[in-house]
$ cat query.pdb   # PDB, C-alpha atoms
ATOM      1  CA  MET A   1       0.000   0.000   0.000
ATOM      2  CA  ASP A   2       1.404   3.397  -1.044
ATOM      3  CA  LEU A   3       1.525   5.693   1.984
ATOM      4  CA  PHE A   4       2.269   8.742  -0.099
ATOM      5  CA  THR A   5      -0.485   8.897  -2.713
ATOM      6  CA  GLU A   6      -2.059  11.872  -0.980
ATOM      7  CA  ARG A   7      -0.081  14.706   0.483
ATOM      8  CA  GLN A   8      -0.888  15.663   4.037
ATOM      9  CA  ARG A   9      -0.798  19.407   4.601
ATOM     10  CA  GLY A  10       1.495  20.561   7.366
ATOM     11  CA  PHE A  11      -1.220  22.749   8.830
ATOM     12  CA  SER A  12      -3.434  19.778   9.673
ATOM     13  CA  LEU A  13      -0.508  18.124  11.422
ATOM     14  CA  ALA A  14       0.452  21.103  13.532
ATOM     15  CA  ILE A  15       0.393  21.121  17.271
ATOM     16  CA  ALA A  16      -1.011  24.506  18.251
ATOM     17  CA  MET A  17       1.770  26.961  18.997
ATOM     18  CA  GLN A  18       1.558  29.606  21.663
ATOM     19  CA  GLY A  19       2.703  33.155  21.015
ATOM     20  CA  SER A  20       4.589  34.463  17.998
ATOM     21  CA  SER A  21       4.919  32.688  14.660
ATOM     22  CA  TYR A  22       8.695  33.217  14.683
ATOM     23  CA  VAL A  23      11.659  33.149  17.022
ATOM     24  CA  LEU A  24      14.788  35.313  17.025
ATOM     25  CA  VAL A  25      17.882  33.123  17.074
ATOM     26  CA  PRO A  26      21.640  33.655  16.516
ATOM     27  CA  MET A  27      22.659  31.673  13.425
ATOM     28  CA  SER A  28      26.189  30.672  12.480
ATOM     29  CA  TYR A  29      27.200  32.305   9.175
ATOM     30  CA  VAL A  30      30.729  32.016   7.829
ATOM     31  CA  LEU A  31      33.114  34.947   7.440
ATOM     32  CA  PRO A  32      35.221  34.870   4.259
ATOM     33  CA  GLY A  33      38.914  34.409   4.993
ATOM     34  CA  GLN A  34      42.217  33.873   3.249
ATOM     35  CA  GLN A  35      42.046  30.083   3.621
ATOM     36  CA  ARG A  36      39.565  27.708   2.058
ATOM     37  CA  PRO A  37      37.294  26.482   4.885
ATOM     38  CA  VAL A  38      37.953  22.932   6.116
ATOM     39  CA  SER A  39      35.954  20.964   8.694
ATOM     40  CA  TYR A  40      36.822  17.558  10.181
ATOM     41  CA  THR A  41      34.226  14.904  11.012
ATOM     42  CA  PHE A  42      36.826  12.961  13.026
ATOM     43  CA  GLU A  43      39.607  14.058  15.351
ATOM     44  CA  PRO A  44      42.147  15.886  13.167
ATOM     45  CA  PRO A  45      45.918  15.393  13.284
ATOM     46  CA  PRO A  46      47.762  17.114  16.156
ATOM     47  CA  GLY A  47      47.904  20.857  15.698
ATOM     48  CA  ILE A  48      45.063  20.936  13.152
ATOM     49  CA  PRO A  49      41.760  22.517  14.292
ATOM     50  CA  TRP A  50      38.399  20.814  13.814
ATOM     51  CA  GLU A  51      37.364  23.870  11.787
ATOM     52  CA  ASN A  52      39.565  26.591  10.347
ATOM     53  CA  ALA A  53      36.816  29.048   9.395
ATOM     54  CA  THR A  54      35.577  31.961  11.473
ATOM     55  CA  TYR A  55      31.844  32.179  12.059
ATOM     56  CA  ASP A  56      29.645  35.219  12.500
ATOM     57  CA  LEU A  57      26.589  34.881  14.755
ATOM     58  CA  ARG A  58      23.727  36.892  13.294
ATOM     59  CA  GLU A  59      20.314  37.137  14.905
ATOM     60  CA  VAL A  60      17.670  36.115  12.400
ATOM     61  CA  ALA A  61      13.928  35.527  12.511
ATOM     62  CA  ILE A  62      13.034  31.865  11.972
ATOM     63  CA  HIS A  63       9.380  31.552  11.006
ATOM     64  CA  ASP A  64       7.132  28.653  11.895
ATOM     65  CA  ALA A  65       6.193  27.265   8.481
ATOM     66  CA  ARG A  66       3.139  25.584   9.974
ATOM     67  CA  GLN A  67       1.609  29.039  10.291
ATOM     68  CA  ALA A  68       2.586  30.330   6.852
ATOM     69  CA  GLU A  69      -0.192  31.651   4.654
ATOM     70  CA  GLN A  70       0.971  29.416   1.806
ATOM     71  CA  GLU A  71       2.449  25.968   2.183
ATOM     72  CA  PRO A  72       6.101  25.793   1.016
ATOM     73  CA  ALA A  73       6.945  23.642  -2.003
ATOM     74  CA  LEU A  74      10.120  21.747  -2.870
ATOM     75  CA  GLU A  75      10.511  23.315  -6.315
ATOM     76  CA  HIS A  76       9.961  26.864  -5.054
ATOM     77  CA  GLU A  77      11.101  27.464  -1.456
ATOM     78  CA  GLY A  78      13.150  24.260  -1.606
ATOM     79  CA  PHE A  79      11.407  22.284   1.147
ATOM     80  CA  GLU A  80       8.165  20.518   2.087
ATOM     81  CA  LEU A  81       6.759  18.745   5.129
ATOM     82  CA  TRP A  82       5.039  15.377   4.616
ATOM     83  CA  ASP A  83       3.148  13.031   6.859
ATOM     84  CA  ALA A  84       5.246   9.929   6.238
ATOM     85  CA  PRO A  85       4.971   7.213   8.909
ATOM     86  CA  THR A  86       7.785   4.688   8.995
ATOM     87  CA  SER A  87       7.853   0.998   9.910
ATOM     88  CA  VAL A  88      11.391   1.245  11.303
ATOM     89  CA  LYS A  89      11.571   0.472  15.018
ATOM     90  CA  ASN A  90      15.290   0.920  15.631
ATOM     91  CA  PHE A  91      17.156   3.564  13.651
ATOM     92  CA  MET A  92      20.395   2.400  15.236
ATOM     93  CA  ASP A  93      20.000  -0.927  13.420
ATOM     94  CA  HIS A  94      21.971  -0.276  10.255
ATOM     95  CA  GLU A  95      20.522  -3.263   8.410
ATOM     96  CA  GLU A  96      16.924  -2.371   9.260
ATOM     97  CA  VAL A  97      17.494   1.171   8.047
ATOM     98  CA  ARG A  98      19.122   0.042   4.795
ATOM     99  CA  SER A  99      16.485  -2.566   3.989
ATOM    100  CA  ASP A 100      13.253  -0.961   5.226
ATOM    101  CA  TYR A 101      13.851   2.755   5.560
ATOM    102  CA  TYR A 102      15.702   3.097   2.262
ATOM    103  CA  GLN A 103      12.748   1.568   0.420
ATOM    104  CA  GLU A 104      10.321   3.882   2.197
ATOM    105  CA  ALA A 105      12.548   6.818   1.317
ATOM    106  CA  ARG A 106      12.652   5.881  -2.356
ATOM    107  CA  GLU A 107       8.853   5.798  -2.487
ATOM    108  CA  LEU A 108       8.612   9.107  -0.640
ATOM    109  CA  ALA A 109      11.216  10.766  -2.865
ATOM    110  CA  LEU A 110       9.338   9.820  -6.029
ATOM    111  CA  ALA A 111       6.027  10.966  -4.565
ATOM    112  CA  VAL A 112       7.466  14.339  -3.553
ATOM    113  CA  THR A 113       9.412  15.058  -6.738
ATOM    114  CA  GLY A 114       7.468  13.228  -9.434
ATOM    115  CA  GLY A 115      10.768  11.698 -10.492
ATOM    116  CA  ARG A 116      11.280   8.546 -12.534
ATOM    117  CA  GLN A 117      13.876   6.773 -10.377
ATOM    118  CA  ALA A 118      15.265   7.340  -6.883
ATOM    119  CA  TYR A 119      18.620   6.160  -5.483
ATOM    120  CA  VAL A 120      19.282   6.374  -1.738
ATOM    121  CA  PHE A 121      23.033   6.552  -1.164
ATOM    122  CA  ASP A 122      23.629   7.368   2.515
ATOM    123  CA  HIS A 123      22.148   8.286   5.879
ATOM    124  CA  LEU A 124      23.293   9.728   9.200
ATOM    125  CA  VAL A 125      21.830   9.496  12.697
ATOM    126  CA  ARG A 126      22.378  12.522  14.947
ATOM    127  CA  ARG A 127      21.842  13.255  18.626
ATOM    128  CA  ARG A 128      22.031  16.712  20.150
ATOM    129  CA  GLU A 129      24.840  17.186  22.639
ATOM    130  CA  PRO A 130      23.864  18.447  26.121
ATOM    131  CA  ARG A 131      22.225  21.853  25.817
ATOM    132  CA  GLN A 132      25.049  23.588  27.634
ATOM    133  CA  THR A 133      27.296  22.586  24.725
ATOM    134  CA  THR A 134      27.451  25.160  21.929
ATOM    135  CA  LEU A 135      26.276  23.881  18.568
ATOM    136  CA  SER A 136      29.162  23.261  16.181
ATOM    137  CA  PHE A 137      29.776  21.440  12.903
ATOM    138  CA  GLY A 138      28.263  18.242  14.271
ATOM    139  CA  LYS A 139      31.368  16.222  15.063
ATOM    140  CA  ARG A 140      30.903  12.678  16.336
ATOM    141  CA  ALA A 141      30.681  12.014  20.048
ATOM    142  CA  GLU A 142      32.268   9.131  21.935
ATOM    143  CA  ASN A 143      29.112   7.063  21.342
ATOM    144  CA  GLY A 144      29.737   7.309  17.593
ATOM    145  CA  LEU A 145      26.712   9.498  16.875
ATOM    146  CA  ALA A 146      27.108  12.778  15.060
ATOM    147  CA  ALA A 147      25.986  15.852  16.981
ATOM    148  CA  ALA A 148      23.462  18.364  15.651
ATOM    149  CA  ASN A 149      25.049  20.623  13.033
ATOM    150  CA  GLY A 150      24.708  24.296  13.894
ATOM    151  CA  ARG A 151      26.718  25.622  10.939
ATOM    152  CA  ILE A 152      24.651  26.989   8.076
ATOM    153  CA  HIS A 153      25.494  24.752   5.144
ATOM    154  CA  ASN A 154      24.256  23.023   1.995
ATOM    155  CA  ASP A 155      25.290  19.401   1.513
ATOM    156  CA  TYR A 156      26.386  19.808  -2.116
ATOM    157  CA  THR A 157      28.149  22.396  -4.253
ATOM    158  CA  GLU A 158      27.890  22.802  -7.998
ATOM    159  CA  GLN A 159      30.936  20.571  -8.399
ATOM    160  CA  SER A 160      30.151  17.897  -5.800
ATOM    161  CA  GLY A 161      26.527  17.749  -6.972
ATOM    162  CA  GLN A 162      27.719  16.894 -10.471
ATOM    163  CA  LYS A 163      30.274  14.423  -9.127
ATOM    164  CA  ARG A 164      27.653  12.578  -7.056
ATOM    165  CA  LEU A 165      25.799  11.424 -10.194
ATOM    166  CA  ALA A 166      28.751   9.308 -11.349
ATOM    167  CA  LEU A 167      29.259   7.937  -7.826
ATOM    168  CA  VAL A 168      25.636   6.767  -7.596
ATOM    169  CA  ILE A 169      25.024   5.584 -11.166
ATOM    170  CA  ARG A 170      27.996   3.566 -12.399
ATOM    171  CA  ASN A 171      26.463   2.497 -15.725
ATOM    172  CA  MET A 172      27.759   4.996 -18.278
ATOM    173  CA  GLU A 173      24.989   4.270 -20.778
ATOM    174  CA  VAL A 174      22.314   4.919 -18.169
ATOM    175  CA  MET A 175      24.053   8.056 -16.974
ATOM    176  CA  ALA A 176      24.361   9.411 -20.522
ATOM    177  CA  GLN A 177      20.580   9.309 -20.907
ATOM    178  CA  ILE A 178      19.897  11.433 -17.812
ATOM    179  CA  ARG A 179      18.827  14.987 -18.628
ATOM    180  CA  ARG A 180      17.901  16.214 -15.167
ATOM    181  CA  TYR A 181      18.419  14.982 -11.615
ATOM    182  CA  CYS A 182      18.346  16.402  -8.116
ATOM    183  CA  ILE A 183      19.628  15.449  -4.664
ATOM    184  CA  ILE A 184      17.246  15.733  -1.730
ATOM    185  CA  ASN A 185      17.618  15.299   2.008
ATOM    186  CA  ILE A 186      14.869  13.529   3.966
ATOM    187  CA  TRP A 187      15.045  14.541   7.649
ATOM    188  CA  ARG A 188      12.945  13.267  10.546
ATOM    189  CA  PRO A 189      13.120  12.919  14.322
ATOM    190  CA  THR A 190      13.568   9.310  15.428
ATOM    191  CA  HIS A 191      12.345   9.696  19.024
ATOM    192  CA  ASN A 192      10.012  12.149  20.709
ATOM    193  CA  THR A 193       8.723  15.484  19.514
ATOM    194  CA  VAL A 194      11.477  17.935  18.553
ATOM    195  CA  LEU A 195      11.498  20.706  21.161
ATOM    196  CA  ASP A 196      15.091  21.647  21.849
ATOM    197  CA  THR A 197      16.985  21.739  18.525
ATOM    198  CA  PRO A 198      14.806  22.013  15.419
ATOM    199  CA  LEU A 199      16.184  22.184  11.896
ATOM    200  CA  ALA A 200      15.925  25.546  10.144
ATOM    201  CA  VAL A 201      15.840  25.777   6.344
ATOM    202  CA  CYS A 202      16.475  28.853   4.211
ATOM    203  CA  ASP A 203      14.078  29.738   1.390
ATOM    204  CA  ALA A 204      16.021  28.790  -1.750
ATOM    205  CA  ARG A 205      14.593  31.784  -3.600
ATOM    206  CA  THR A 206      16.429  34.132  -1.208
ATOM    207  CA  VAL A 207      19.837  32.494  -1.733
ATOM    208  CA  ARG A 208      22.292  33.764  -4.351
ATOM    209  CA  GLN A 209      25.409  31.980  -5.580
ATOM    210  CA  SER A 210      27.480  34.861  -4.225
ATOM    211  CA  HIS A 211      26.258  34.012  -0.699
ATOM    212  CA  LEU A 212      27.775  30.512  -0.842
ATOM    213  CA  LEU A 213      31.344  29.595   0.075
ATOM    214  CA  THR A 214      32.924  26.230  -0.748
ATOM    215  CA  CYS A 215      34.140  24.157   2.218
ATOM    216  CA  ASP A 216      36.062  20.864   2.336
ATOM    217  CA  VAL A 217      34.728  18.241   4.739
ATOM    218  CA  LYS A 218      37.282  15.701   5.907
ATOM    219  CA  TYR A 219      36.117  12.125   6.480
ATOM    220  CA  PRO A 220      38.448   9.267   7.528
ATOM    221  CA  HIS A 221      38.821   7.977   3.957
ATOM    222  CA  ARG A 222      37.703  10.796   1.683
ATOM    223  CA  THR A 223      37.111  14.536   1.346
ATOM    224  CA  GLY A 224      33.690  15.948   0.525
ATOM    225  CA  GLU A 225      32.679  19.414  -0.583
ATOM    226  CA  ILE A 226      29.776  21.506   0.741
ATOM    227  CA  TYR A 227      28.664  25.117   0.773
ATOM    228  CA  LEU A 228      28.767  27.350   3.827
ATOM    229  CA  SER A 229      26.800  30.587   3.724
ATOM    230  CA  ARG A 230      27.691  34.221   4.191
ATOM    231  CA  PHE A 231      25.136  36.455   5.841
ATOM    232  CA  SER A 232      22.556  38.191   3.694
ATOM    233  CA  PRO A 233      19.552  40.220   4.877
ATOM    234  CA  ARG A 234      17.665  38.634   1.955
ATOM    235  CA  HIS A 235      17.589  35.213   3.622
ATOM    236  CA  ARG A 236      14.233  34.013   4.919
ATOM    237  CA  TRP A 237      14.382  31.190   7.440
ATOM    238  CA  SER A 238      11.699  28.671   8.441
ATOM    239  CA  TYR A 239      11.223  25.623  10.631
ATOM    240  CA  PHE A 240       8.340  23.304  11.451
ATOM    241  CA  ALA A 241       7.483  23.555  15.131
ATOM    242  CA  GLU A 242       7.334  20.388  17.208
ATOM    243  CA  MET A 243       8.069  17.877  14.471
ATOM    244  CA  GLN A 244       7.161  14.292  15.326
ATOM    245  CA  PRO A 245       8.625  10.963  14.159
ATOM    246  CA  HIS A 246       5.803  10.348  11.684
ATOM    247  CA  GLU A 247       6.716  13.553   9.831
ATOM    248  CA  ALA A 248       9.474  14.034   7.254
ATOM    249  CA  LEU A 249      11.039  17.281   6.099
ATOM    250  CA  ILE A 250      12.230  17.017   2.496
ATOM    251  CA  PHE A 251      14.566  19.696   1.166
ATOM    252  CA  LYS A 252      16.577  20.237  -2.016
ATOM    253  CA  GLN A 253      20.373  20.093  -1.883
ATOM    254  CA  TYR A 254      21.199  20.201  -5.579
ATOM    255  CA  ASP A 255      19.419  20.367  -8.905
ATOM    256  CA  SER A 256      21.099  19.982 -12.285
ATOM    257  CA  GLN A 257      18.526  22.324 -13.823
ATOM    258  CA  PHE A 258      19.949  25.836 -13.693
ATOM    259  CA  SER A 259      16.783  27.915 -13.669
ATOM    260  CA  GLY A 260      13.106  27.785 -12.790
ATOM    261  CA  VAL A 261      13.502  25.474  -9.760
ATOM    262  CA  SER A 262      15.078  25.549  -6.306
ATOM    263  CA  ARG A 263      18.689  24.360  -6.361
ATOM    264  CA  PHE A 264      20.308  24.892  -2.936
ATOM    265  CA  THR A 265      18.592  25.025   0.480
ATOM    266  CA  PRO A 266      21.005  26.035   3.253
ATOM    267  CA  HIS A 267      20.030  24.669   6.642
ATOM    268  CA  ALA A 268      21.230  24.378  10.251
ATOM    269  CA  ALA A 269      20.131  23.219  13.674
ATOM    270  CA  PHE A 270      19.311  25.888  16.234
ATOM    271  CA  ASP A 271      18.614  25.959  19.951
ATOM    272  CA  HIS A 272      14.976  26.900  20.385
ATOM    273  CA  PRO A 273      14.825  29.743  22.917
ATOM    274  CA  HIS A 274      11.538  28.477  24.359
ATOM    275  CA  ALA A 275      12.448  24.808  24.708
ATOM    276  CA  PRO A 276      11.583  23.346  28.133
ATOM    277  CA  ALA A 277      14.590  22.847  30.390
ATOM    278  CA  ASP A 278      13.815  19.123  30.604
ATOM    279  CA  ALA A 279      13.295  18.621  26.860
ATOM    280  CA  PRO A 280      14.971  15.394  25.671
ATOM    281  CA  PRO A 281      17.959  15.916  23.333
ATOM    282  CA  ARG A 282      16.857  15.854  19.726
ATOM    283  CA  GLU A 283      17.584  12.601  17.869
ATOM    284  CA  SER A 284      17.144  12.530  14.106
ATOM    285  CA  ILE A 285      18.032  10.734  10.909
ATOM    286  CA  GLU A 286      18.891  12.405   7.638
ATOM    287  CA  LEU A 287      18.979  10.491   4.388
ATOM    288  CA  ARG A 288      20.224  11.598   0.983
ATOM    289  CA  CYS A 289      18.610  10.509  -2.234
ATOM    290  CA  LEU A 290      19.393  11.177  -5.899
ATOM    291  CA  VAL A 291      16.261  11.489  -8.027
ATOM    292  CA  VAL A 292      16.280  11.158 -11.819
ATOM    293  CA  PHE A 293      13.545  12.855 -13.836
TER     294      PHE A 293
END
$ encode --input "query.pdb" --output "structure tokens"
Amino acid sequence: MDLFTERQRGFSLAIAMQGSSYVLVPMSYVLPGQQRPVSYTFEPPPGIPWENATYDLREVAIHDARQAEQEPALEHEGFELWDAPTSVKNFMDHEEVRSDYYQEARELALAVTGGRQAYVFDHLVRRREPRQTTLSFGKRAENGLAAANGRIHNDYTEQSGQKRLALVIRNMEVMAQIRRYCIINIWRPTHNTVLDTPLAVCDARTVRQSHLLTCDVKYPHRTGEIYLSRFSPRHRWSYFAEMQPHEALIFKQYDSQFSGVSRFTPHAAFDHPHAPADAPPRESIELRCLVVF
């Protein structure tokens, strides 16, 4: 049975919010420097910092998208919220995630995008560090889980977005027939309602190429490439208040089509200023999927 034949509007899912439809939060923009930014996902060699960039905290308004007059759309603002229940019981079970959740994600990705084929190629489980710990790039803790990522970033650049196609689709004949593809991120909480560290997404229509700065991300056996973001007063930020595990936030990270659609959706975790003191640390899973049109 297809769970995604009918889209569920975010408004009908919303838990009633008290007070304002936005919060004012300091967000971590990057300051351009003389060096190319580099961030490590594992402990770097002696004398090398985890991050070499300097970040600029700017207070921005993050709007509750559940209360927006018009529901955001993937091809316009760059993100959508779906009611997408999952059968997965244990997101720490790698095999269960790869067998069950990946299939659910493929179905969801096609339903959201209208694409012809979907290829899931990785996922990451995160857990917020204790609230007294300042949000950073999301380095892994001793338990092996990545922390929440408080740096404004986009998972793919123009170059790494193009490179990902060949890494996912190895058949050259199949790849040669592809005219358009995109890379999306499917993000959901795995336990409890998200109260303490929601995920904020930036309206793709307010982002210019000149705002984006290329950053190398060091993994144990490879180097990836992402965008960080400079501050711009144009940026419009949103989040979905009190997301629950049956909900999925889908947002665009790259599109090979150069105009007429969203292409990059910068995002970052933020500490909600009104989170209860006893709110459980946010746990979430993010999954990346390449969709061919």
$ closest_residue --input "query.pdb" --among "A:Val120, A:Arg126, A:Ala111, A:Pro32" --to "A:His211" --atoms "all atoms listed in the file"
A:Pro32
$ resolve_selection --input "query.pdb" --expression "the PyMOL selection byres ((chain A and resi 163-171) around 12)" --output "NGL selection string"
:A and (117-122 or 155-162 or 172-183 or 224-225 or 253-256 or 288-292)
$ residues_around --input "query.pdb" --residues "stretch 98-100 of chain A" --least-positions-apart "4" --cutoff "12 Å" --atoms "only C-alpha atoms" --output "MDAnalysis selection string"
chainID A and resid 86:94 104:107 119:124 287
$ atom_distance --input "query.pdb" --atom1 "atom CA of A:Val38" --atom2 "atom CA of A:Thr265"
20.3 Å
$ residues_around --input "query.pdb" --residues "stretch 271-278 of chain A" --least-positions-apart "2" --cutoff "12 Å" --atoms "all atoms listed in the file" --output "VMD selection string"
chain A and resid 17 to 20 22 to 28 61 to 64 128 to 136 148 to 150 193 to 200 239 to 242 268 to 269 280 to 282
$ write_last_selection --input "query.pdb" --atoms "C-alpha atoms" --output "PDB file, keeping the file's coordinate frame"
ATOM      1  CA  MET A  17       1.770  26.961  18.997  1.00  0.00           C
ATOM      2  CA  GLN A  18       1.558  29.606  21.663  1.00  0.00           C
ATOM      3  CA  GLY A  19       2.703  33.155  21.015  1.00  0.00           C
ATOM      4  CA  SER A  20       4.589  34.463  17.998  1.00  0.00           C
ATOM      5  CA  TYR A  22       8.695  33.217  14.683  1.00  0.00           C
ATOM      6  CA  VAL A  23      11.659  33.149  17.022  1.00  0.00           C
ATOM      7  CA  LEU A  24      14.788  35.313  17.025  1.00  0.00           C
ATOM      8  CA  VAL A  25      17.882  33.123  17.074  1.00  0.00           C
ATOM      9  CA  PRO A  26      21.640  33.655  16.516  1.00  0.00           C
ATOM     10  CA  MET A  27      22.659  31.673  13.425  1.00  0.00           C
ATOM     11  CA  SER A  28      26.189  30.672  12.480  1.00  0.00           C
ATOM     12  CA  ALA A  61      13.928  35.527  12.511  1.00  0.00           C
ATOM     13  CA  ILE A  62      13.034  31.865  11.972  1.00  0.00           C
ATOM     14  CA  HIS A  63       9.380  31.552  11.006  1.00  0.00           C
ATOM     15  CA  ASP A  64       7.132  28.653  11.895  1.00  0.00           C
ATOM     16  CA  ARG A 128      22.031  16.712  20.150  1.00  0.00           C
ATOM     17  CA  GLU A 129      24.840  17.186  22.639  1.00  0.00           C
ATOM     18  CA  PRO A 130      23.864  18.447  26.121  1.00  0.00           C
ATOM     19  CA  ARG A 131      22.225  21.853  25.817  1.00  0.00           C
ATOM     20  CA  GLN A 132      25.049  23.588  27.634  1.00  0.00           C
ATOM     21  CA  THR A 133      27.296  22.586  24.725  1.00  0.00           C
ATOM     22  CA  THR A 134      27.451  25.160  21.929  1.00  0.00           C
ATOM     23  CA  LEU A 135      26.276  23.881  18.568  1.00  0.00           C
ATOM     24  CA  SER A 136      29.162  23.261  16.181  1.00  0.00           C
ATOM     25  CA  ALA A 148      23.462  18.364  15.651  1.00  0.00           C
ATOM     26  CA  ASN A 149      25.049  20.623  13.033  1.00  0.00           C
ATOM     27  CA  GLY A 150      24.708  24.296  13.894  1.00  0.00           C
ATOM     28  CA  THR A 193       8.723  15.484  19.514  1.00  0.00           C
ATOM     29  CA  VAL A 194      11.477  17.935  18.553  1.00  0.00           C
ATOM     30  CA  LEU A 195      11.498  20.706  21.161  1.00  0.00           C
ATOM     31  CA  ASP A 196      15.091  21.647  21.849  1.00  0.00           C
ATOM     32  CA  THR A 197      16.985  21.739  18.525  1.00  0.00           C
ATOM     33  CA  PRO A 198      14.806  22.013  15.419  1.00  0.00           C
ATOM     34  CA  LEU A 199      16.184  22.184  11.896  1.00  0.00           C
ATOM     35  CA  ALA A 200      15.925  25.546  10.144  1.00  0.00           C
ATOM     36  CA  TYR A 239      11.223  25.623  10.631  1.00  0.00           C
ATOM     37  CA  PHE A 240       8.340  23.304  11.451  1.00  0.00           C
ATOM     38  CA  ALA A 241       7.483  23.555  15.131  1.00  0.00           C
ATOM     39  CA  GLU A 242       7.334  20.388  17.208  1.00  0.00           C
ATOM     40  CA  ALA A 268      21.230  24.378  10.251  1.00  0.00           C
ATOM     41  CA  ALA A 269      20.131  23.219  13.674  1.00  0.00           C
ATOM     42  CA  PRO A 280      14.971  15.394  25.671  1.00  0.00           C
ATOM     43  CA  PRO A 281      17.959  15.916  23.333  1.00  0.00           C
ATOM     44  CA  ARG A 282      16.857  15.854  19.726  1.00  0.00           C
TER      45      ARG A 282
END
$ resolve_selection --input "query.pdb" --expression "the PyMOL selection byres ((chain A and resi 219) around 12)" --output "ChimeraX atom specification"
/A:38-44,50,139-140,216-218,220-225
$ write_last_selection --input "query.pdb" --atoms "C-alpha atoms" --output "PDB file, keeping the file's coordinate frame"
ATOM      1  CA  VAL A  38      37.953  22.932   6.116  1.00  0.00           C
ATOM      2  CA  SER A  39      35.954  20.964   8.694  1.00  0.00           C
ATOM      3  CA  TYR A  40      36.822  17.558  10.181  1.00  0.00           C
ATOM      4  CA  THR A  41      34.226  14.904  11.012  1.00  0.00           C
ATOM      5  CA  PHE A  42      36.826  12.961  13.026  1.00  0.00           C
ATOM      6  CA  GLU A  43      39.607  14.058  15.351  1.00  0.00           C
ATOM      7  CA  PRO A  44      42.147  15.886  13.167  1.00  0.00           C
ATOM      8  CA  TRP A  50      38.399  20.814  13.814  1.00  0.00           C
ATOM      9  CA  LYS A 139      31.368  16.222  15.063  1.00  0.00           C
ATOM     10  CA  ARG A 140      30.903  12.678  16.336  1.00  0.00           C
ATOM     11  CA  ASP A 216      36.062  20.864   2.336  1.00  0.00           C
ATOM     12  CA  VAL A 217      34.728  18.241   4.739  1.00  0.00           C
ATOM     13  CA  LYS A 218      37.282  15.701   5.907  1.00  0.00           C
ATOM     14  CA  PRO A 220      38.448   9.267   7.528  1.00  0.00           C
ATOM     15  CA  HIS A 221      38.821   7.977   3.957  1.00  0.00           C
ATOM     16  CA  ARG A 222      37.703  10.796   1.683  1.00  0.00           C
ATOM     17  CA  THR A 223      37.111  14.536   1.346  1.00  0.00           C
ATOM     18  CA  GLY A 224      33.690  15.948   0.525  1.00  0.00           C
ATOM     19  CA  GLU A 225      32.679  19.414  -0.583  1.00  0.00           C
TER      20      GLU A 225
END
$ axis_aligned_box --input "query.pdb" --around "stretch 38-52 of chain A" --padding-each-side "6 Å" --output "lines of an AutoDock Vina configuration file"
center_x = 41.1
center_y = 19.8
center_z = 11.1
size_x = 25.7
size_y = 25.6
size_z = 22.0
$ atom_distance --input "query.pdb" --atom1 "atom CA of A:Ala53" --atom2 "atom CA of A:Phe79"
27.6 Å
$ atom_distance --input "query.pdb" --atom1 "atom CA of A:Gly138" --atom2 "atom CA of A:Glu283"
12.6 Å
$ resolve_selection --input "query.pdb" --expression "the PyMOL selection byres ((chain A and resi 208) around 12)" --output "list in words"
Cys202, Asp203, Ala204, Arg205, Thr206, Val207, Gln209, Ser210, His211, Leu212, Leu213, Tyr227, Ser229, Arg230, Phe231, Ser232, Pro233, Arg234, His235, Ser262, Arg263, Phe264, Thr265 and Pro266 of chain A
$ residues_around --input "query.pdb" --residues "A:Val261" --least-positions-apart "4" --cutoff "8 Å" --atoms "only C-alpha atoms" --output "PyMOL selection string"
chain A and resi 75-76+255+257
$ closest_residue --input "query.pdb" --among "A:Ile184, A:Gln67, A:Val30, A:Ala84" --to "A:Tyr101" --atoms "all atoms listed in the file"
A:Ala84
$ build_atoms --input "query.pdb" --residues "stretch 235-244 of chain A" --atoms "N, CA and C atoms" --output "CSV table (one decimal), in the frame of the given file"
chain,number,residue,atom,x,y,z
A,235,HIS,N,17.9,36.6,3.2
A,235,HIS,CA,17.6,35.2,3.6
A,235,HIS,C,16.3,35.2,4.5
A,236,ARG,N,15.5,34.2,4.1
A,236,ARG,CA,14.2,34.0,4.9
A,236,ARG,C,14.3,32.6,5.4
A,237,TRP,N,14.2,32.5,6.8
A,237,TRP,CA,14.4,31.2,7.4
A,237,TRP,C,13.0,30.7,8.0
A,238,SER,N,12.9,29.3,7.9
A,238,SER,CA,11.7,28.7,8.4
A,238,SER,C,12.1,27.4,9.2
A,239,TYR,N,11.1,26.9,10.0
A,239,TYR,CA,11.2,25.6,10.6
A,239,TYR,C,9.8,25.1,10.9
A,240,PHE,N,9.7,23.9,11.1
A,240,PHE,CA,8.3,23.3,11.5
A,240,PHE,C,8.3,23.0,12.9
A,241,ALA,N,7.5,23.7,13.7
A,241,ALA,CA,7.5,23.6,15.1
A,241,ALA,C,7.0,22.2,15.5
A,242,GLU,N,7.7,21.6,16.5
A,242,GLU,CA,7.3,20.4,17.2
A,242,GLU,C,7.1,19.2,16.2
A,243,MET,N,8.1,19.0,15.4
A,243,MET,CA,8.1,17.9,14.5
A,243,MET,C,8.0,16.6,15.2
A,244,GLN,N,7.3,15.6,14.7
A,244,GLN,CA,7.2,14.3,15.3
A,244,GLN,C,7.7,13.2,14.4
